[in-house]
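Heads up, run-v8.txt below (compact mmCIF, C-alpha atoms and all ligand atoms):
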# COMPACT_ATOMS: atom_id res chain seq x y z
CA MET Z 209 163.74 -78.96 66.51
CA ASN Z 210 162.09 -78.02 69.80
CA LEU Z 211 165.14 -76.89 71.70
CA ALA Z 212 165.63 -76.53 75.44
CA ILE Z 213 168.73 -74.81 76.78
CA MET Z 214 170.22 -75.63 80.17
CA ALA Z 215 172.58 -73.04 81.62
CA SER Z 216 174.06 -72.00 84.97
CA GLY Z 217 175.81 -68.71 84.34
CA ARG Z 218 176.05 -65.59 82.28
CA GLY Z 219 174.36 -67.20 79.28
CA SER Z 220 176.42 -65.92 76.38
CA ASN Z 221 176.16 -69.25 74.56
CA ALA Z 222 172.42 -69.30 75.19
CA ALA Z 223 172.29 -65.82 73.67
CA ALA Z 224 174.30 -66.93 70.62
CA ILE Z 225 171.92 -69.83 70.05
CA LEU Z 226 168.80 -67.71 70.51
CA ASP Z 227 170.23 -65.01 68.23
CA ALA Z 228 170.88 -67.66 65.57
CA ILE Z 229 167.24 -68.75 65.83
CA ALA Z 230 166.03 -65.12 65.66
CA ASN Z 231 168.22 -64.46 62.61
CA ASP Z 232 167.03 -67.59 60.78
CA HIS Z 233 170.45 -69.23 60.96
CA LEU Z 234 169.02 -72.06 63.02
CA ASP Z 235 165.64 -73.55 62.25
CA ALA Z 236 164.50 -74.36 65.78
CA ARG Z 237 161.95 -73.29 68.33
CA ALA Z 238 163.36 -72.43 71.75
CA VAL Z 239 160.85 -73.99 74.13
CA ALA Z 240 162.57 -73.57 77.50
CA LEU Z 241 165.61 -72.36 79.34
CA ILE Z 242 166.29 -74.30 82.50
CA THR Z 243 168.82 -73.28 85.10
CA ASN Z 244 169.95 -74.84 88.35
CA ARG Z 245 170.74 -71.39 89.78
CA GLU Z 246 168.82 -68.27 90.65
CA ASN Z 247 169.63 -64.74 89.51
CA VAL Z 248 171.95 -65.72 86.67
CA GLY Z 249 172.44 -63.90 83.39
CA ALA Z 250 171.02 -66.82 81.44
CA LEU Z 251 167.58 -66.01 82.89
CA ASP Z 252 167.81 -62.45 81.54
CA VAL Z 253 168.84 -63.82 78.15
CA ALA Z 254 165.76 -66.06 78.11
CA ARG Z 255 163.51 -63.16 79.09
CA ALA Z 256 164.99 -60.94 76.38
CA HIS Z 257 164.15 -63.63 73.82
CA ASN Z 258 160.72 -64.43 75.26
CA VAL Z 259 161.74 -67.97 76.06
CA PRO Z 260 159.99 -69.56 79.06
CA SER Z 261 162.57 -69.92 81.82
CA HIS Z 262 162.64 -72.13 84.88
CA ALA Z 263 165.02 -71.91 87.84
CA VAL Z 264 165.41 -75.25 89.60
CA PRO Z 265 167.78 -74.52 92.49
CA ARG Z 266 169.20 -77.38 94.49
CA ARG Z 267 167.99 -75.97 97.80
CA SER Z 268 164.33 -76.31 96.76
CA TYR Z 269 164.64 -80.10 96.43
CA PRO Z 270 165.46 -82.81 98.92
CA SER Z 271 168.16 -84.37 96.71
CA ARG Z 272 170.04 -83.89 93.45
CA ASN Z 273 167.97 -86.69 92.03
CA ALA Z 274 164.73 -84.92 92.89
CA GLN Z 275 166.11 -81.70 91.41
CA GLN Z 276 166.94 -83.42 88.14
CA ARG Z 277 163.62 -85.30 88.09
CA ARG Z 278 162.00 -81.87 88.12
CA MET Z 279 164.27 -80.72 85.29
CA LEU Z 280 163.28 -83.74 83.22
CA GLU Z 281 159.62 -83.02 83.90
CA LEU Z 282 160.11 -79.43 82.72
CA LEU Z 283 161.93 -80.61 79.59
CA GLN Z 284 159.14 -82.99 78.75
CA ASP Z 285 156.35 -80.55 79.59
CA SER Z 286 157.97 -77.95 77.31
CA GLY Z 287 157.85 -80.36 74.39
CA ALA Z 288 161.63 -80.28 74.02
CA ASP Z 289 163.03 -82.88 71.66
CA PHE Z 290 166.60 -81.57 71.82
CA VAL Z 291 168.72 -80.10 74.61
CA ALA Z 292 171.74 -77.79 74.51
CA LEU Z 293 173.87 -77.51 77.63
CA ALA Z 294 175.31 -74.01 77.55
CA GLY Z 295 177.55 -73.50 80.56
CA PHE Z 296 175.52 -75.93 82.65
CA ASP Z 297 177.54 -76.80 85.74
CA ALA Z 298 175.86 -79.98 86.97
CA ILE Z 299 176.39 -83.49 85.65
CA LEU Z 300 173.19 -84.82 84.10
CA ARG Z 301 171.77 -87.87 85.76
CA PRO Z 302 171.61 -90.95 83.51
CA PHE Z 303 167.80 -90.80 83.47
CA ILE Z 304 167.93 -87.44 81.67
CA VAL Z 305 170.62 -88.62 79.24
CA ALA Z 306 168.56 -91.74 78.51
CA ALA Z 307 165.43 -89.66 77.84
CA TYR Z 308 167.27 -87.82 75.02
CA PRO Z 309 169.65 -90.34 73.43
CA ASN Z 310 172.07 -88.52 71.07
CA ARG Z 311 169.83 -85.46 71.51
CA ILE Z 312 171.80 -83.55 74.13
CA LEU Z 313 174.83 -81.46 73.18
CA ASN Z 314 177.38 -79.75 75.40
CA ILE Z 315 180.03 -77.13 74.74
CA HIS Z 316 183.34 -77.30 76.54
CA PRO Z 317 186.12 -74.69 76.44
CA SER Z 318 188.99 -76.95 75.37
CA LEU Z 319 189.90 -79.24 72.53
CA LEU Z 320 188.60 -82.46 74.07
CA PRO Z 321 189.79 -84.94 75.18
CA ALA Z 322 192.32 -82.46 76.57
CA PHE Z 323 191.37 -80.66 79.77
CA ALA Z 324 188.08 -82.49 80.25
CA GLY Z 325 186.10 -82.49 83.44
CA GLY Z 326 186.08 -78.97 84.83
CA MET Z 327 183.91 -75.93 84.42
CA ALA Z 328 185.19 -72.74 82.85
CA PRO Z 329 187.66 -71.24 83.66
CA VAL Z 330 189.33 -74.46 84.86
CA PRO Z 331 189.97 -75.94 81.36
CA GLN Z 332 191.43 -72.63 80.13
CA THR Z 333 193.60 -72.35 83.27
CA GLU Z 334 194.87 -75.90 82.78
CA ALA Z 335 195.63 -75.22 79.11
CA LEU Z 336 197.75 -72.20 80.04
CA ARG Z 337 199.49 -74.15 82.78
CA ALA Z 338 200.27 -76.98 80.35
CA GLY Z 339 201.82 -74.55 77.89
CA VAL Z 340 199.79 -75.70 74.88
CA THR Z 341 200.02 -73.39 71.87
CA ILE Z 342 196.60 -74.21 70.47
CA SER Z 343 193.35 -74.52 72.40
CA GLY Z 344 189.71 -74.04 71.51
CA CYS Z 345 186.29 -75.46 72.19
CA THR Z 346 184.38 -78.64 71.51
CA VAL Z 347 180.72 -79.39 70.92
CA HIS Z 348 179.99 -83.00 71.78
CA VAL Z 349 177.07 -85.33 72.31
CA VAL Z 350 176.32 -85.88 75.99
CA THR Z 351 176.64 -89.43 77.24
CA ASP Z 352 177.08 -90.80 80.74
CA ASP Z 353 180.86 -90.41 80.36
CA LEU Z 354 181.72 -86.87 81.41
CA ASP Z 355 182.95 -84.73 78.48
CA ALA Z 356 183.67 -87.90 76.50
CA GLY Z 357 180.68 -88.24 74.15
CA PRO Z 358 181.04 -88.19 70.36
CA ILE Z 359 182.65 -84.98 69.09
CA VAL Z 360 180.44 -82.94 66.74
CA ALA Z 361 182.67 -79.94 66.03
CA GLN Z 362 185.76 -78.22 67.32
CA ALA Z 363 187.13 -74.72 66.84
CA ALA Z 364 190.78 -73.97 67.44
CA VAL Z 365 192.40 -70.79 68.66
CA PRO Z 366 196.06 -69.93 69.24
CA VAL Z 367 197.37 -69.47 72.74
CA LEU Z 368 199.39 -66.27 72.52
CA PRO Z 369 202.41 -65.23 74.55
CA GLY Z 370 201.22 -63.16 77.50
CA ASP Z 371 197.72 -64.68 77.47
CA THR Z 372 195.81 -64.60 80.74
CA VAL Z 373 192.92 -66.90 81.63
CA ASP Z 374 190.59 -64.05 80.67
CA SER Z 375 192.18 -63.24 77.33
CA LEU Z 376 192.31 -66.92 76.33
CA SER Z 377 188.73 -67.49 77.55
CA ASP Z 378 187.49 -64.52 75.49
CA ARG Z 379 189.23 -65.81 72.36
CA ILE Z 380 187.70 -69.26 72.87
CA LEU Z 381 184.27 -67.83 73.68
CA GLU Z 382 184.13 -66.01 70.35
CA GLN Z 383 184.54 -69.38 68.64
CA GLU Z 384 181.99 -71.03 70.96
CA HIS Z 385 179.39 -68.57 69.75
CA ARG Z 386 180.19 -69.53 66.18
CA VAL Z 387 180.44 -73.29 66.52
CA TYR Z 388 177.48 -74.04 68.80
CA PRO Z 389 174.71 -72.68 66.53
CA LEU Z 390 176.39 -74.38 63.58
CA ALA Z 391 176.49 -77.76 65.32
CA LEU Z 392 172.86 -77.40 66.34
CA ARG Z 393 171.92 -76.55 62.78
CA TRP Z 394 173.35 -79.87 61.55
CA PHE Z 395 171.06 -81.68 63.96
CA ALA Z 396 168.06 -79.47 63.13
CA GLU Z 397 168.60 -80.22 59.43
CA ASP Z 398 169.01 -83.93 60.09
CA ARG Z 399 172.52 -84.01 58.65
CA VAL Z 400 174.06 -86.02 61.48
CA ARG Z 401 174.82 -89.72 61.67
CA ILE Z 402 176.47 -91.20 64.74
CA GLU Z 403 178.21 -94.54 64.33
CA ASN Z 404 180.63 -96.28 66.66
CA GLY Z 405 181.05 -93.14 68.71
CA ARG Z 406 181.88 -91.02 65.65
CA VAL Z 407 179.81 -88.16 64.30
CA HIS Z 408 179.45 -87.88 60.54
CA ILE Z 409 178.01 -84.74 59.00
CA GLN Z 410 176.39 -84.60 55.57
CA SER Z 411 177.53 -81.09 54.75
CA GLU Z 412 180.17 -79.18 52.85
CA GLU Z 413 180.97 -77.46 56.11
CA SER Z 414 183.85 -78.74 58.18
CA GLN Z 415 183.61 -80.09 61.69
CA ALA Z 416 186.98 -78.40 62.28
CA LEU Z 417 186.81 -74.63 62.49
CA TRP Z 418 189.66 -72.15 62.50
CA PRO Z 419 189.49 -68.55 63.58
CA HIS Z 420 189.01 -66.15 60.73
CA PRO Z 421 191.09 -64.42 59.72
CA ALA Z 422 193.54 -67.26 60.25
CA PRO Z 423 196.18 -66.38 62.87
C1 LIG E 501 181.57 -71.42 78.35
O1 LIG E 501 182.92 -71.08 78.18
C2 LIG E 501 181.39 -72.92 78.19
O2 LIG E 501 182.24 -73.50 77.23
C3 LIG E 501 181.76 -73.40 79.57
O3 LIG E 501 181.14 -72.47 80.43
C4 LIG E 501 181.13 -71.20 79.80
C5 LIG E 501 179.70 -70.67 79.87
O4 LIG E 501 179.64 -69.35 79.42
N1 LIG E 501 181.31 -74.75 79.79
C6 LIG E 501 181.99 -75.61 80.56
O5 LIG E 501 182.99 -75.30 81.17
C7 LIG E 501 181.40 -77.00 80.60
N2 LIG E 501 182.27 -77.89 81.31
P1 LIG E 501 178.22 -68.70 79.08
O6 LIG E 501 177.37 -68.82 80.33
O7 LIG E 501 178.54 -67.27 78.76
O8 LIG E 501 177.63 -69.45 77.91
Using the file provided, produce a representation of the structure as structure tokens.
Amino acid sequence: MNLAIMASGRGSNAAAILDAIANDHLDARAVALITNRENVGALDVARAHNVPSHAVPRRSYPSRNAQQRRMLELLQDSGADFVALAGFDAILRPFIVAAYPNRILNIHPSLLPAFAGGMAPVPQTEALRAGVTISGCTVHVVTDDLDAGPIVAQAAVPVLPGDTVDSLSDRILEQEHRVYPLALRWFAEDRVRIENGRVHIQSEESQALWPHPAP
């Protein structure tokens, strides 16, 4: 797997993925980190892991289309054959999705299809507002339907009395860092079959993860 990561923020998921590669838990080569922002933590994460990084800010391009054309060019020039969105806050244009069919994953901080559509911390805020007692995160295949592609893996966490957006986000994030490298590993090891919008994994491991120790 020649993996490109696309990120817009602090980059903790990018770090978890790159750590998994460094520790031989994920057999992949990180070929690029692409961001649509300047001066974000994700760029430092890439530098720390010696991964070529590219900032493609909106203001340097005449349109969003042109900006994403450049991103696609960078993906292709890097030799990427797989893409992980890790806190990427723009919606991919269909021409990027089509260039990597079933080869782009995203992580979202809720148990999809609940609380789809927003960027962190909106899903966590909505979960608290709704009063759910279990939340979590979802790794899914990116399609043209926002946050609605086939679900690869989910990790659940309890919502505890007195939780704030920050405390719930931290609890979810810990599971994100566990589930994202695992989901990528299934693809890297060619254990994934996608049929009728469902993801099937040839593995003893479960696509449903619980926090350990169990709450
Ligand atoms: C993560 O919580 C991720 O699930 C979320 O952004 C955060 C990025 O954190 N993604 C979304 O909200 C996608 N809609 P990070 O920059 O530390 O990886």
Protein and nucleic residues near ligand LIG 501 (chain E), 10 Å, all atoms listed in the file, as a PyMOL selection string: chain Z and resi 214-225+248-250+293-299+314-318+323-332+344-347+354-355+377-378+380-385+388
Quick one: residues within 12 Å of (165.6, -67.4, 74.8) (file frame), counting all atoms listed in the file, please, as an MDAnalysis selection string. chainID Z and resid 211:215 219:230 236:242 249:262
For Ser411 (chain Z), please output as a ChimeraX atom specification all residues within 10 Å (counting only C-alpha atoms; exclusion window: fewer than 4 positions along the same chain). /Z:394,399-400,415
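Nearest to Ala335 (chain Z) of all the residues Z:Pro366, Z:Pro358, Z:Gly405, Z:Pro309 is Z:Pro366, counting all atoms listed in the file.
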What gap, in Å, lies between CA of Val291 (chain Z) and CA of Tyr308 (chain Z)? 7.9 Å
Using all atoms of region 269-281 of chain Z listed in the file and a margin of 4 Å per side, can you give the axis-aligned box centre and edge lengths in Å to one decimal, as AutoDock Vina command-line options?
--center_x 164.8 --center_y -83.4 --center_z 91.1 --size_x 18.4 --size_y 14.6 --size_z 23.7
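Distance annotation: of Z:Leu319, Z:Ala263, Z:Val373, Z:Leu300, the residue with the minimal separation from Ala416 (chain Z) is Z:Leu319; atom set is all atoms listed in the file.
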Grab the CA of Ala274 (chain Z) to CA of Asn310 (chain Z) distance for me, in Å with one decimal place. 23.3 Å
Which is closer to Pro369 (chain Z) than all the others in Z:Arg311, Z:Glu403, Z:Asn273, Z:Leu336, using only C-alpha atoms? Z:Leu336
May I have the protein, DNA and RNA residues with any atom at most 7 Å from the point (187.7, -85.3, 72.6), counting all atoms listed in the file, written as a list in words? Leu319, Leu320, Pro321, Ala322, Ala356 and Ile359 of chain Z
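Ranking Z:Leu368, Z:Val360, Z:Val305, Z:Ala338 by their shortest atom-to-atom distance to Gln410 (chain Z), with all atoms listed in the file included, puts Z:Val360 first.
We find CA of Asn244 (chain Z) and CA of Gln362 (chain Z) to be spaced 26.5 Å apart.
Checking Z:Glu412, Z:Arg406, Z:Phe290, Z:Arg386 one by one against His233 (chain Z), counting only C-alpha atoms, you find the shortest gap at Z:Arg386.
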Of the candidates Z:Ala396, Z:Val407, Z:Ala364, Z:Ala307, which shows the shortest atom-to-atom distance to His348 (chain Z), using all atoms listed in the file? Z:Val407
Would you fill the gaps in region 326-356 of chain Z so it has N, CA and C atoms, then print it as a CSV table (one decimal), in the coordinates of the input?
chain,number,residue,atom,x,y,z
Z,326,GLY,N,186.3,-80.1,84.0
Z,326,GLY,CA,186.1,-79.0,84.8
Z,326,GLY,C,185.1,-78.0,84.2
Z,327,MET,N,184.7,-77.0,85.0
Z,327,MET,CA,183.9,-75.9,84.4
Z,327,MET,C,184.8,-74.8,84.1
Z,328,ALA,N,184.5,-74.0,83.1
Z,328,ALA,CA,185.2,-72.7,82.8
Z,328,ALA,C,185.3,-72.0,84.2
Z,329,PRO,N,186.5,-71.4,84.5
Z,329,PRO,CA,187.7,-71.2,83.7
Z,329,PRO,C,188.7,-72.3,83.9
Z,330,VAL,N,188.3,-73.4,84.5
Z,330,VAL,CA,189.3,-74.5,84.9
Z,330,VAL,C,190.0,-75.0,83.6
Z,331,PRO,N,189.3,-75.4,82.5
Z,331,PRO,CA,190.0,-75.9,81.4
Z,331,PRO,C,190.9,-74.9,80.7
Z,332,GLN,N,190.6,-73.7,80.7
Z,332,GLN,CA,191.4,-72.6,80.1
Z,332,GLN,C,192.7,-72.4,81.0
Z,333,THR,N,192.5,-72.5,82.3
Z,333,THR,CA,193.6,-72.4,83.3
Z,333,THR,C,194.6,-73.5,83.1
Z,334,GLU,N,194.0,-74.7,82.9
Z,334,GLU,CA,194.9,-75.9,82.8
Z,334,GLU,C,195.6,-75.8,81.5
Z,335,ALA,N,195.0,-75.3,80.4
Z,335,ALA,CA,195.6,-75.2,79.1
Z,335,ALA,C,196.8,-74.3,79.2
Z,336,LEU,N,196.6,-73.1,79.9
Z,336,LEU,CA,197.8,-72.2,80.0
Z,336,LEU,C,198.9,-72.8,80.8
Z,337,ARG,N,198.5,-73.5,81.9
Z,337,ARG,CA,199.5,-74.2,82.8
Z,337,ARG,C,200.3,-75.2,82.0
Z,338,ALA,N,199.6,-75.9,81.1
Z,338,ALA,CA,200.3,-77.0,80.4
Z,338,ALA,C,201.2,-76.4,79.2
Z,339,GLY,N,201.0,-75.1,78.9
Z,339,GLY,CA,201.8,-74.6,77.9
Z,339,GLY,C,201.4,-74.9,76.5
Z,340,VAL,N,200.2,-75.4,76.3
Z,340,VAL,CA,199.8,-75.7,74.9
Z,340,VAL,C,199.8,-74.4,74.0
Z,341,THR,N,200.0,-74.6,72.8
Z,341,THR,CA,200.0,-73.4,71.9
Z,341,THR,C,198.7,-73.3,71.1
Z,342,ILE,N,197.9,-74.3,71.1
Z,342,ILE,CA,196.6,-74.2,70.5
Z,342,ILE,C,195.6,-74.7,71.5
Z,343,SER,N,194.5,-74.0,71.6
Z,343,SER,CA,193.4,-74.5,72.4
Z,343,SER,C,192.1,-74.3,71.6
Z,344,GLY,N,190.9,-74.2,72.3
Z,344,GLY,CA,189.7,-74.0,71.5
Z,344,GLY,C,188.5,-74.5,72.3
Z,345,CYS,N,187.5,-75.0,71.5
Z,345,CYS,CA,186.3,-75.5,72.2
Z,345,CYS,C,185.8,-76.7,71.4
Z,346,THR,N,184.9,-77.4,72.1
Z,346,THR,CA,184.4,-78.6,71.5
Z,346,THR,C,182.9,-78.7,71.8
Z,347,VAL,N,182.1,-79.0,70.7
Z,347,VAL,CA,180.7,-79.4,70.9
Z,347,VAL,C,180.6,-80.9,70.8
Z,348,HIS,N,180.1,-81.5,71.8
Z,348,HIS,CA,180.0,-83.0,71.8
Z,348,HIS,C,178.6,-83.5,72.2
Z,349,VAL,N,178.3,-84.7,71.9
Z,349,VAL,CA,177.1,-85.3,72.3
Z,349,VAL,C,177.3,-85.7,73.8
Z,350,VAL,N,176.2,-85.5,74.6
Z,350,VAL,CA,176.3,-85.9,76.0
Z,350,VAL,C,176.0,-87.4,76.2
Z,351,THR,N,176.9,-88.0,76.8
Z,351,THR,CA,176.6,-89.4,77.2
Z,351,THR,C,176.9,-89.5,78.8
Z,352,ASP,N,176.8,-90.7,79.3
Z,352,ASP,CA,177.1,-90.8,80.7
Z,352,ASP,C,178.6,-90.6,81.1
Z,353,ASP,N,179.4,-90.6,80.1
Z,353,ASP,CA,180.9,-90.4,80.4
Z,353,ASP,C,181.2,-88.9,80.2
Z,354,LEU,N,181.6,-88.3,81.3
Z,354,LEU,CA,181.7,-86.9,81.4
Z,354,LEU,C,182.7,-86.3,80.3
Z,355,ASP,N,182.2,-85.4,79.5
Z,355,ASP,CA,183.0,-84.7,78.5
Z,355,ASP,C,183.6,-85.7,77.5
Z,356,ALA,N,183.0,-86.9,77.4
Z,356,ALA,CA,183.7,-87.9,76.5
Z,356,ALA,C,182.7,-88.4,75.4
